[in-house]
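Student: One file is attached below, model12.pdb, containing PDB, C-alpha atoms.
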ATOM      1  CA  MET A   3      98.011 -65.858-133.832  1.00  0.00           C
ATOM      2  CA  ASP A   4      95.446 -63.087-134.360  1.00  0.00           C
ATOM      3  CA  LYS A   5      91.799 -63.654-133.546  1.00  0.00           C
ATOM      4  CA  LEU A   6      90.639 -63.568-137.171  1.00  0.00           C
ATOM      5  CA  GLN A   7      93.061 -66.354-138.056  1.00  0.00           C
ATOM      6  CA  GLN A   8      91.665 -68.396-135.170  1.00  0.00           C
ATOM      7  CA  VAL A   9      88.178 -67.885-136.610  1.00  0.00           C
ATOM      8  CA  ARG A  10      89.304 -69.064-140.055  1.00  0.00           C
ATOM      9  CA  ASP A  11      91.116 -72.097-138.619  1.00  0.00           C
ATOM     10  CA  LEU A  12      88.098 -73.065-136.500  1.00  0.00           C
ATOM     11  CA  LEU A  13      85.756 -72.746-139.452  1.00  0.00           C
ATOM     12  CA  GLU A  14      87.935 -74.933-141.670  1.00  0.00           C
ATOM     13  CA  LYS A  15      88.286 -77.539-138.895  1.00  0.00           C
ATOM     14  CA  LYS A  16      84.549 -77.724-138.172  1.00  0.00           C
ATOM     15  CA  VAL A  17      83.649 -77.969-141.852  1.00  0.00           C
ATOM     16  CA  LYS A  18      85.943 -80.999-142.204  1.00  0.00           C
ATOM     17  CA  GLU A  19      84.599 -82.593-138.992  1.00  0.00           C
ATOM     18  CA  LYS A  20      81.020 -82.326-140.276  1.00  0.00           C
ATOM     19  CA  GLY A  21      81.990 -83.871-143.607  1.00  0.00           C
ATOM     20  CA  PHE A  22      80.979 -80.798-145.604  1.00  0.00           C
ATOM     21  CA  SER A  23      82.919 -78.917-148.260  1.00  0.00           C
ATOM     22  CA  LEU A  24      83.575 -75.185-148.325  1.00  0.00           C
ATOM     23  CA  ASN A  25      81.979 -74.947-151.763  1.00  0.00           C
ATOM     24  CA  ALA A  26      78.769 -76.799-150.875  1.00  0.00           C
ATOM     25  CA  LEU A  27      78.425 -74.893-147.617  1.00  0.00           C
ATOM     26  CA  SER A  28      78.873 -71.576-149.444  1.00  0.00           C
ATOM     27  CA  LEU A  29      75.976 -72.474-151.767  1.00  0.00           C
ATOM     28  CA  GLN A  30      73.851 -73.457-148.783  1.00  0.00           C
ATOM     29  CA  LEU A  31      74.454 -69.990-147.342  1.00  0.00           C
ATOM     30  CA  GLY A  32      73.212 -68.419-150.559  1.00  0.00           C
ATOM     31  CA  LYS A  33      76.714 -67.281-151.509  1.00  0.00           C
ATOM     32  CA  ASN A  34      79.019 -67.832-154.453  1.00  0.00           C
ATOM     33  CA  SER A  35      80.524 -71.335-154.313  1.00  0.00           C
ATOM     34  CA  THR A  36      84.017 -69.915-153.561  1.00  0.00           C
ATOM     35  CA  TYR A  37      82.884 -67.559-150.775  1.00  0.00           C
ATOM     36  CA  LEU A  38      84.102 -69.576-147.789  1.00  0.00           C
ATOM     37  CA  PHE A  39      87.265 -70.722-149.583  1.00  0.00           C
ATOM     38  CA  HIS A  40      88.235 -67.085-150.134  1.00  0.00           C
ATOM     39  CA  PHE A  41      87.414 -66.243-146.513  1.00  0.00           C
ATOM     40  CA  VAL A  42      89.495 -69.117-145.112  1.00  0.00           C
ATOM     41  CA  LYS A  43      92.411 -69.080-147.548  1.00  0.00           C
ATOM     42  CA  ARG A  44      92.598 -65.507-148.830  1.00  0.00           C
ATOM     43  CA  ASN A  45      91.156 -63.475-145.966  1.00  0.00           C
ATOM     44  CA  SER A  46      88.468 -62.041-148.230  1.00  0.00           C
ATOM     45  CA  PRO A  47      86.070 -60.970-146.900  1.00  0.00           C
ATOM     46  CA  LYS A  48      87.958 -60.008-143.779  1.00  0.00           C
ATOM     47  CA  ARG A  49      84.995 -60.821-141.519  1.00  0.00           C
ATOM     48  CA  LEU A  50      81.800 -62.818-141.898  1.00  0.00           C
ATOM     49  CA  ASP A  51      78.672 -60.725-142.105  1.00  0.00           C
ATOM     50  CA  GLU A  52      76.185 -61.118-139.242  1.00  0.00           C
ATOM     51  CA  ASN A  53      73.649 -63.214-141.146  1.00  0.00           C
ATOM     52  CA  THR A  54      76.295 -65.603-142.485  1.00  0.00           C
ATOM     53  CA  ARG A  55      77.930 -65.883-139.075  1.00  0.00           C
ATOM     54  CA  ARG A  56      74.659 -66.897-137.415  1.00  0.00           C
ATOM     55  CA  LYS A  57      73.814 -69.482-140.064  1.00  0.00           C
ATOM     56  CA  LEU A  58      77.277 -71.018-139.814  1.00  0.00           C
ATOM     57  CA  ALA A  59      77.070 -71.162-136.021  1.00  0.00           C
ATOM     58  CA  ARG A  60      73.880 -73.239-136.263  1.00  0.00           C
ATOM     59  CA  ILE A  61      75.157 -75.483-139.057  1.00  0.00           C
ATOM     60  CA  LEU A  62      78.583 -76.138-137.516  1.00  0.00           C
ATOM     61  CA  ASP A  63      77.267 -76.446-133.966  1.00  0.00           C
ATOM     62  CA  VAL A  64      79.458 -73.696-132.492  1.00  0.00           C
ATOM     63  CA  ASN A  65      78.837 -70.534-130.524  1.00  0.00           C
ATOM     64  CA  GLU A  66      78.394 -67.461-132.698  1.00  0.00           C
ATOM     65  CA  GLN A  67      81.055 -65.657-130.672  1.00  0.00           C
ATOM     66  CA  ASP A  68      83.629 -68.239-131.856  1.00  0.00           C
ATOM     67  CA  LEU A  69      83.159 -66.974-135.423  1.00  0.00           C
ATOM     68  CA  CYS A  70      83.781 -63.338-134.542  1.00  0.00           C
ATOM     69  CA  ASP A  71      86.986 -61.505-133.575  1.00  0.00           C
ATOM     70  CA  PHE A  72      85.305 -58.853-131.426  1.00  0.00           C
ATOM     71  CA  PRO A  73      82.976 -59.205-128.418  1.00  0.00           C
ATOM     72  CA  LEU A  74      79.333 -59.508-129.408  1.00  0.00           C
ATOM     73  CA  PRO A  75      76.634 -57.884-127.248  1.00  0.00           C
ATOM     74  CA  ASN A  76      74.999 -60.494-125.055  1.00  0.00           C
ATOM     75  CA  ASN A  77      71.624 -59.945-126.680  1.00  0.00           C
ATOM     76  CA  LEU A  78      73.084 -60.846-130.095  1.00  0.00           C
ATOM     77  CA  ILE A  79      74.653 -64.120-129.056  1.00  0.00           C
ATOM     78  CA  GLN A  80      71.938 -66.659-129.717  1.00  0.00           C
ATOM     79  CA  ASP A  81      71.717 -70.331-129.036  1.00  0.00           C
ATOM     80  CA  LYS A  82      73.051 -72.545-131.818  1.00  0.00           C
ATOM     81  CA  PHE A  83      69.583 -73.417-133.008  1.00  0.00           C
ATOM     82  CA  SER A  84      68.097 -69.965-132.381  1.00  0.00           C
ATOM     83  CA  ALA A  85      64.322 -69.813-132.020  1.00  0.00           C
ATOM     84  CA  LEU A  86      63.939 -73.342-133.425  1.00  0.00           C
ATOM     85  CA  THR A  87      65.721 -74.817-130.436  1.00  0.00           C
ATOM     86  CA  SER A  88      63.366 -73.398-127.856  1.00  0.00           C
ATOM     87  CA  PHE A  89      60.274 -73.894-130.016  1.00  0.00           C
ATOM     88  CA  PHE A  90      60.878 -77.595-130.530  1.00  0.00           C
ATOM     89  CA  ASN A  91      62.619 -78.036-127.157  1.00  0.00           C
ATOM     90  CA  PHE A  92      65.738 -79.422-128.801  1.00  0.00           C
ATOM     91  CA  SER A  93      68.798 -80.314-126.770  1.00  0.00           C
ATOM     92  CA  LYS A  94      71.090 -77.403-125.908  1.00  0.00           C
ATOM     93  CA  THR A  95      74.042 -79.611-125.131  1.00  0.00           C
ATOM     94  CA  GLY A  96      75.571 -79.232-128.604  1.00  0.00           C
ATOM     95  CA  ASN A  97      75.141 -82.920-129.476  1.00  0.00           C
ATOM     96  CA  SER A  98      72.633 -82.445-132.291  1.00  0.00           C
ATOM     97  CA  GLU A  99      73.543 -84.281-135.484  1.00  0.00           C
ATOM     98  CA  MET A 100      73.462 -82.434-138.798  1.00  0.00           C
ATOM     99  CA  ILE A 101      72.379 -84.073-142.046  1.00  0.00           C
ATOM    100  CA  ALA A 102      72.974 -82.838-145.595  1.00  0.00           C
ATOM    101  CA  ILE A 103      70.466 -83.547-148.393  1.00  0.00           C
ATOM    102  CA  ASP A 104      71.482 -83.099-152.027  1.00  0.00           C
ATOM    103  CA  VAL A 105      69.602 -80.435-153.994  1.00  0.00           C
ATOM    104  CA  ILE A 106      69.112 -81.162-157.714  1.00  0.00           C
ATOM    105  CA  ASP A 107      68.106 -78.737-160.489  1.00  0.00           C
ATOM    106  CA  MET A 108      65.617 -80.433-162.841  1.00  0.00           C
ATOM    107  CA  ASN A 109      66.405 -77.736-165.411  1.00  0.00           C
ATOM    108  CA  GLY A 110      70.160 -78.234-165.207  1.00  0.00           C
ATOM    109  CA  GLU A 111      72.610 -79.198-167.909  1.00  0.00           C
ATOM    110  CA  LYS A 112      71.717 -82.908-167.793  1.00  0.00           C
ATOM    111  CA  LYS A 113      68.290 -83.730-169.254  1.00  0.00           C
ATOM    112  CA  GLY A 114      66.156 -86.803-169.688  1.00  0.00           C
ATOM    113  CA  LYS A 115      65.858 -89.815-167.440  1.00  0.00           C
ATOM    114  CA  PHE A 116      66.128 -89.758-163.660  1.00  0.00           C
ATOM    115  CA  ASP A 117      69.751 -90.953-163.490  1.00  0.00           C
ATOM    116  CA  GLN A 118      70.738 -88.064-165.756  1.00  0.00           C
ATOM    117  CA  ILE A 119      68.748 -85.455-163.839  1.00  0.00           C
ATOM    118  CA  LYS A 120      70.368 -86.524-160.556  1.00  0.00           C
ATOM    119  CA  GLN A 121      73.729 -85.271-161.833  1.00  0.00           C
ATOM    120  CA  ASN A 122      72.545 -81.630-161.729  1.00  0.00           C
ATOM    121  CA  LEU A 123      73.706 -81.047-158.150  1.00  0.00           C
ATOM    122  CA  ILE A 124      73.455 -77.383-157.138  1.00  0.00           C
ATOM    123  CA  GLY A 125      73.990 -77.596-153.366  1.00  0.00           C
ATOM    124  CA  LYS A 126      72.926 -79.222-150.133  1.00  0.00           C
ATOM    125  CA  GLU A 127      70.145 -78.566-147.639  1.00  0.00           C
ATOM    126  CA  ILE A 128      71.728 -78.778-144.190  1.00  0.00           C
ATOM    127  CA  ILE A 129      69.333 -79.445-141.325  1.00  0.00           C
ATOM    128  CA  THR A 130      69.477 -80.925-137.843  1.00  0.00           C
ATOM    129  CA  LYS A 131      68.407 -84.549-137.619  1.00  0.00           C
ATOM    130  CA  GLU A 132      65.975 -83.626-134.833  1.00  0.00           C
ATOM    131  CA  LEU A 133      64.238 -81.045-136.977  1.00  0.00           C
ATOM    132  CA  PHE A 134      64.005 -83.413-139.943  1.00  0.00           C
ATOM    133  CA  ASN A 135      62.578 -86.209-137.792  1.00  0.00           C
ATOM    134  CA  HIS A 136      60.146 -83.814-136.119  1.00  0.00           C
ATOM    135  CA  HIS A 137      58.536 -82.944-139.455  1.00  0.00           C
ATOM    136  CA  TYR A 138      58.963 -86.091-141.531  1.00  0.00           C
ATOM    137  CA  SER A 139      58.685 -89.842-141.059  1.00  0.00           C
ATOM    138  CA  GLU A 140      60.955 -90.535-144.051  1.00  0.00           C
ATOM    139  CA  THR A 141      64.562 -91.662-143.647  1.00  0.00           C
ATOM    140  CA  SER A 142      66.870 -88.847-144.706  1.00  0.00           C
ATOM    141  CA  GLU A 143      69.200 -91.247-146.542  1.00  0.00           C
ATOM    142  CA  ASN A 144      66.379 -91.900-149.049  1.00  0.00           C
ATOM    143  CA  VAL A 145      65.594 -88.226-149.677  1.00  0.00           C
ATOM    144  CA  LEU A 146      66.633 -85.850-152.457  1.00  0.00           C
ATOM    145  CA  ILE A 147      65.423 -82.296-153.053  1.00  0.00           C
ATOM    146  CA  PHE A 148      64.606 -81.146-156.595  1.00  0.00           C
ATOM    147  CA  LYS A 149      64.219 -77.621-157.941  1.00  0.00           C
ATOM    148  CA  VAL A 150      61.194 -77.803-160.226  1.00  0.00           C
ATOM    149  CA  CYS A 151      60.898 -76.492-163.773  1.00  0.00           C
ATOM    150  CA  GLY A 152      57.727 -76.234-165.835  1.00  0.00           C
ATOM    151  CA  ASP A 153      54.092 -75.547-164.936  1.00  0.00           C
ATOM    152  CA  SER A 154      52.427 -78.956-165.297  1.00  0.00           C
ATOM    153  CA  MET A 155      51.633 -79.158-161.555  1.00  0.00           C
ATOM    154  CA  SER A 156      50.763 -75.495-161.092  1.00  0.00           C
ATOM    155  CA  PRO A 157      49.308 -74.089-158.861  1.00  0.00           C
ATOM    156  CA  THR A 158      50.223 -76.883-156.398  1.00  0.00           C
ATOM    157  CA  ILE A 159      53.867 -76.921-157.484  1.00  0.00           C
ATOM    158  CA  ASN A 160      55.327 -74.034-159.472  1.00  0.00           C
ATOM    159  CA  ALA A 161      58.560 -73.547-161.403  1.00  0.00           C
ATOM    160  CA  GLY A 162      61.306 -72.676-158.924  1.00  0.00           C
ATOM    161  CA  ASP A 163      59.687 -74.554-156.023  1.00  0.00           C
ATOM    162  CA  PHE A 164      61.657 -77.281-154.239  1.00  0.00           C
ATOM    163  CA  VAL A 165      60.115 -80.731-153.807  1.00  0.00           C
ATOM    164  CA  TRP A 166      61.388 -83.241-151.254  1.00  0.00           C
ATOM    165  CA  VAL A 167      61.285 -86.734-152.739  1.00  0.00           C
ATOM    166  CA  ASP A 168      61.347 -90.033-150.842  1.00  0.00           C
ATOM    167  CA  LEU A 169      63.213 -92.422-153.169  1.00  0.00           C
ATOM    168  CA  SER A 170      62.101 -95.551-151.291  1.00  0.00           C
ATOM    169  CA  TYR A 171      58.869 -95.616-153.324  1.00  0.00           C
ATOM    170  CA  SER A 172      59.220 -97.775-156.465  1.00  0.00           C
ATOM    171  CA  ILE A 173      55.470 -98.317-156.873  1.00  0.00           C
ATOM    172  CA  PRO A 174      52.592 -96.047-155.768  1.00  0.00           C
ATOM    173  CA  SER A 175      51.644 -97.332-152.328  1.00  0.00           C
ATOM    174  CA  SER A 176      48.873 -94.731-152.167  1.00  0.00           C
ATOM    175  CA  ASP A 177      47.488 -91.888-154.244  1.00  0.00           C
ATOM    176  CA  GLY A 178      49.667 -88.801-154.243  1.00  0.00           C
ATOM    177  CA  ILE A 179      52.242 -86.807-156.197  1.00  0.00           C
ATOM    178  CA  TYR A 180      55.157 -88.805-157.582  1.00  0.00           C
ATOM    179  CA  MET A 181      58.289 -88.305-159.644  1.00  0.00           C
ATOM    180  CA  ILE A 182      58.150 -90.552-162.709  1.00  0.00           C
ATOM    181  CA  SER A 183      60.853 -91.449-165.224  1.00  0.00           C
ATOM    182  CA  THR A 184      59.561 -91.917-168.789  1.00  0.00           C
ATOM    183  CA  ASN A 185      61.435 -93.133-171.852  1.00  0.00           C
ATOM    184  CA  SER A 186      62.925 -89.679-172.415  1.00  0.00           C
ATOM    185  CA  ASP A 187      62.043 -87.418-169.492  1.00  0.00           C
ATOM    186  CA  THR A 188      61.516 -87.079-165.741  1.00  0.00           C
ATOM    187  CA  ILE A 189      58.148 -85.672-164.727  1.00  0.00           C
ATOM    188  CA  ILE A 190      56.131 -84.863-161.611  1.00  0.00           C
ATOM    189  CA  ARG A 191      52.484 -85.926-161.726  1.00  0.00           C
ATOM    190  CA  ARG A 192      49.534 -86.806-159.538  1.00  0.00           C
ATOM    191  CA  VAL A 193      48.910 -90.565-159.428  1.00  0.00           C
ATOM    192  CA  GLN A 194      45.520 -92.159-158.732  1.00  0.00           C
ATOM    193  CA  THR A 195      45.321 -95.948-158.629  1.00  0.00           C
ATOM    194  CA  ASN A 196      42.370 -98.175-159.475  1.00  0.00           C
ATOM    195  CA  PRO A 197      42.441-101.165-157.081  1.00  0.00           C
ATOM    196  CA  PHE A 198      40.043-103.184-159.240  1.00  0.00           C
ATOM    197  CA  ASP A 199      42.202-103.534-162.352  1.00  0.00           C
ATOM    198  CA  ASN A 200      45.631-102.138-161.301  1.00  0.00           C
ATOM    199  CA  SER A 201      45.340 -99.272-163.762  1.00  0.00           C
ATOM    200  CA  VAL A 202      46.669 -95.838-162.884  1.00  0.00           C
ATOM    201  CA  GLU A 203      45.513 -92.371-163.912  1.00  0.00           C
ATOM    202  CA  ILE A 204      48.364 -89.895-164.336  1.00  0.00           C
ATOM    203  CA  SER A 205      47.236 -86.270-164.168  1.00  0.00           C
ATOM    204  CA  SER A 206      48.510 -82.723-163.833  1.00  0.00           C
ATOM    205  CA  ASP A 207      47.082 -80.089-161.524  1.00  0.00           C
ATOM    206  CA  ASN A 208      47.352 -77.639-164.410  1.00  0.00           C
ATOM    207  CA  PRO A 209      44.171 -78.208-166.510  1.00  0.00           C
ATOM    208  CA  SER A 210      46.104 -77.359-169.685  1.00  0.00           C
ATOM    209  CA  TYR A 211      47.702 -80.805-169.469  1.00  0.00           C
ATOM    210  CA  LYS A 212      45.437 -83.762-170.250  1.00  0.00           C
ATOM    211  CA  PRO A 213      45.501 -86.839-167.974  1.00  0.00           C
ATOM    212  CA  PHE A 214      46.416 -90.253-169.351  1.00  0.00           C
ATOM    213  CA  LEU A 215      45.811 -93.829-168.271  1.00  0.00           C
ATOM    214  CA  VAL A 216      48.414 -96.507-167.609  1.00  0.00           C
ATOM    215  CA  LYS A 217      46.846 -99.963-167.739  1.00  0.00           C
ATOM    216  CA  ASP A 218      49.333-101.733-165.490  1.00  0.00           C
ATOM    217  CA  ILE A 219      50.753-100.096-162.369  1.00  0.00           C
ATOM    218  CA  LYS A 220      53.898-102.249-162.672  1.00  0.00           C
ATOM    219  CA  SER A 221      54.817-100.589-165.965  1.00  0.00           C
ATOM    220  CA  LEU A 222      55.324 -97.229-164.226  1.00  0.00           C
ATOM    221  CA  ASN A 223      58.909 -96.237-163.477  1.00  0.00           C
ATOM    222  CA  ILE A 224      58.367 -94.471-160.147  1.00  0.00           C
ATOM    223  CA  CYS A 225      61.436 -92.591-158.876  1.00  0.00           C
ATOM    224  CA  GLY A 226      59.933 -91.455-155.571  1.00  0.00           C
ATOM    225  CA  LYS A 227      57.038 -89.794-153.799  1.00  0.00           C
ATOM    226  CA  ILE A 228      56.884 -86.057-153.086  1.00  0.00           C
ATOM    227  CA  PHE A 229      56.210 -85.469-149.390  1.00  0.00           C
ATOM    228  CA  CYS A 230      57.101 -81.810-148.974  1.00  0.00           C
ATOM    229  CA  ILE A 231      57.148 -78.602-151.051  1.00  0.00           C
ATOM    230  CA  THR A 232      59.155 -75.496-150.119  1.00  0.00           C
ATOM    231  CA  ARG A 233      59.052 -72.130-151.852  1.00  0.00           C
ATOM    232  CA  LYS A 234      59.730 -68.445-151.420  1.00  0.00           C
ATOM    233  CA  ILE A 235      56.812 -66.231-150.444  1.00  0.00           C
TER     234      ILE A 235
END
Spit out the file's structure as structure tokens when you get a sec.
Tutor:
Amino acid sequence: MDKLQQVRDLLEKKVKEKGFSLNALSLQLGKNSTYLFHFVKRNSPKRLDENTRRKLARILDVNEQDLCDFPLPNNLIQDKFSALTSFFNFSKTGNSEMIAIDVIDMNGEKKGKFDQIKQNLIGKEIITKELFNHHYSETSENVLIFKVCGDSMSPTINAGDFVWVDLSYSIPSSDGIYMISTNSDTIIRRVQTNPFDNSVEISSDNPSYKPFLVKDIKSLNICGKIFCITRKI
């Protein structure tokens, strides 16, 4: 068996072991959804490019050299978790668990209420459990990531930004930015509670949108609380 075939076989095996799919992993790499399928099954491209190879090595918990058919210079063979590993002092034993968080497009084909919006899956964010736990106190099983549309929360949150939502919040436990399902739409707004009468002010960070008052906090259909925003710079 030639070395390139060994690379393809290893990649397919590791993807299955991690519980990923070739399509979802291709999207995570910023590629067309069929990229890895064509590499594994149709030998196209013949080799993985350097950037893709390094990302896959970290995600699949393998040595970068295992994904290449020719010897790599020693200074190019990096630890599985690259600079993040040494910075956060993560384990280098190869036992780090990977988690995959669904990424949803709020401007996808499905519109309206939260259950509809959740069907607009565009990929998965794959991250080590250690790194997730280092940054966040939330449980990853309760988290979804949404690609934002609209300018109601600009400049705090802009169209195209990604918000990480903790779905364990069904009522506002504290003031903050929440995802709310209305009768016909799913919106992101800033929520400020009044402890004296249980009323809630719902506002946008964009002054073009007027705030409104909800008299009873229990009447709000809270989908989750935004705890992180990621964007390109």
Student: Written as a short mmCIF file (atom, residue, chain, number, x, y, z; two decimals) with C-alpha atoms, in the coordinates of the input, which residues does the PyMOL selection byres ((chain A and resi 201) around 9) give for the file shown?
Tutor:
data_model
loop_
_atom_site.label_atom_id
_atom_site.label_comp_id
_atom_site.auth_asym_id
_atom_site.auth_seq_id
_atom_site.Cartn_x
_atom_site.Cartn_y
_atom_site.Cartn_z
CA GLN A 194 45.52 -92.16 -158.73
CA THR A 195 45.32 -95.95 -158.63
CA ASN A 196 42.37 -98.18 -159.48
CA PRO A 197 42.44 -101.16 -157.08
CA PHE A 198 40.04 -103.18 -159.24
CA ASP A 199 42.20 -103.53 -162.35
CA ASN A 200 45.63 -102.14 -161.30
CA VAL A 202 46.67 -95.84 -162.88
CA GLU A 203 45.51 -92.37 -163.91
CA LEU A 215 45.81 -93.83 -168.27
CA VAL A 216 48.41 -96.51 -167.61
CA LYS A 217 46.85 -99.96 -167.74
CA ASP A 218 49.33 -101.73 -165.49
CA ILE A 219 50.75 -100.10 -162.37
#
Student: Which residues come within 8 Å of range 154-163 of chain A, counting only C-alpha atoms, excluding same-chain residues fewer than 3 positions away, as JSON, numbers by chain?
Tutor: {"A": [149, 150, 151, 190, 191, 206, 207, 208, 210, 211, 231, 232, 233, 234]}
Student: Selected residues, C-alpha atoms, written as a PDB file, in the coordinates of the input, please.
Tutor:
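Once everything was written out, this is selection-v7.pdb:
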ATOM      1  CA  LYS A 149      64.219 -77.621-157.941  1.00  0.00           C
ATOM      2  CA  VAL A 150      61.194 -77.803-160.226  1.00  0.00           C
ATOM      3  CA  CYS A 151      60.898 -76.492-163.773  1.00  0.00           C
ATOM      4  CA  ILE A 190      56.131 -84.863-161.611  1.00  0.00           C
ATOM      5  CA  ARG A 191      52.484 -85.926-161.726  1.00  0.00           C
ATOM      6  CA  SER A 206      48.510 -82.723-163.833  1.00  0.00           C
ATOM      7  CA  ASP A 207      47.082 -80.089-161.524  1.00  0.00           C
ATOM      8  CA  ASN A 208      47.352 -77.639-164.410  1.00  0.00           C
ATOM      9  CA  SER A 210      46.104 -77.359-169.685  1.00  0.00           C
ATOM     10  CA  TYR A 211      47.702 -80.805-169.469  1.00  0.00           C
ATOM     11  CA  ILE A 231      57.148 -78.602-151.051  1.00  0.00           C
ATOM     12  CA  THR A 232      59.155 -75.496-150.119  1.00  0.00           C
ATOM     13  CA  ARG A 233      59.052 -72.130-151.852  1.00  0.00           C
ATOM     14  CA  LYS A 234      59.730 -68.445-151.420  1.00  0.00           C
TER      15      LYS A 234
END
Student: Carefully work through the PyMOL selection byres ((chain A and resi 174) around 8) for this structure and note down the residues it includes, as a ChimeraX atom specification.
Tutor: /A:171-173,175-178,180,193,195,219,224,227
Student: Export C-alpha atoms of the chosen residues as a PDB file, keeping the file's coordinate frame?
Tutor:
ATOM      1  CA  TYR A 171      58.869 -95.616-153.324  1.00  0.00           C
ATOM      2  CA  SER A 172      59.220 -97.775-156.465  1.00  0.00           C
ATOM      3  CA  ILE A 173      55.470 -98.317-156.873  1.00  0.00           C
ATOM      4  CA  SER A 175      51.644 -97.332-152.328  1.00  0.00           C
ATOM      5  CA  SER A 176      48.873 -94.731-152.167  1.00  0.00           C
ATOM      6  CA  ASP A 177      47.488 -91.888-154.244  1.00  0.00           C
ATOM      7  CA  GLY A 178      49.667 -88.801-154.243  1.00  0.00           C
ATOM      8  CA  TYR A 180      55.157 -88.805-157.582  1.00  0.00           C
ATOM      9  CA  VAL A 193      48.910 -90.565-159.428  1.00  0.00           C
ATOM     10  CA  THR A 195      45.321 -95.948-158.629  1.00  0.00           C
ATOM     11  CA  ILE A 219      50.753-100.096-162.369  1.00  0.00           C
ATOM     12  CA  ILE A 224      58.367 -94.471-160.147  1.00  0.00           C
ATOM     13  CA  LYS A 227      57.038 -89.794-153.799  1.00  0.00           C
TER      14      LYS A 227
END
Student: Separation of CA of Leu74 in chain A and CA of Thr54 in chain A, in Å?
Tutor: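 Between these atoms lies a distance of 14.7 Å.
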Student: Using the chain letters and numbering of this document, enumerate as a list in words the residues selected by the PyMOL selection byres ((chain A and resi 127-142) around 6).
Tutor: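 Matching residues under the PyMOL selection byres ((chain A and resi 127-142) around 6) are Glu99, Met100, Ile101, Ala102, Ile103, Lys126, Glu143, Asn144 and Val145 of chain A.
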Student: I'd like to know which of A:Arg10, A:Lys212, A:Arg56, A:Arg192 is closest to Ile228 in chain A, using only C-alpha atoms.
Tutor: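 Closest to Ile228 in chain A, using only C-alpha atoms: A:Arg192.
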Student: Considering only C-alpha atoms, state which residue in the set A:Ala59, A:Phe148, A:Pro47, A:Lys33 is at the smallest distance from Leu13 in chain A.
Tutor: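 Of A:Ala59, A:Phe148, A:Pro47, A:Lys33, the one nearest Leu13 in chain A is A:Ala59, counting only C-alpha atoms.
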Student: How many Å lie between CA of Leu69 in chain A and CA of Val9 in chain A, rounded to one decimal?
Tutor: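 Separating CA of Leu69 in chain A from CA of Val9 in chain A is a distance of 5.2 Å.
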Student: Given the choices A:Gln67, A:Asp11, A:Val167, A:Leu29, which gets closest to Asn45 in chain A if the distance is worked out from all atoms listed in the file?
Tutor: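 The closest residue to Asn45 in chain A is A:Asp11.
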Student: Would you list the contacts of Met181 in chain A as a list in words, taking every protein, DNA or RNA residue within 6 Å and counting all atoms listed in the file, but skipping same-chain residues closer than 5 positions in sequence?
Tutor: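 That gives Ile189, Ile190, Cys225 and Gly226 of chain A.
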Student: So how far away is CA of Gly125 in chain A from CA of Tyr37 in chain A, in Å?
Tutor: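 Distance between the two atoms: 13.7 Å.
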Student: Which one of A:Ile179, A:Asn185, A:Pro73, A:Asn25 sits closest to Phe39 in chain A if you count all atoms listed in the file?
Tutor: A:Asn25
Student: Adding 8 Å on each side of the box along x, y and z that holds all listed atoms of range 117-130 of chain A, could you give its centre and edge lengths in Å to one decimal, as lines of an AutoDock Vina configuration file?
Tutor:
center_x = 71.4
center_y = -84.2
center_z = -151.8
size_x = 21.2
size_y = 29.6
size_z = 43.9
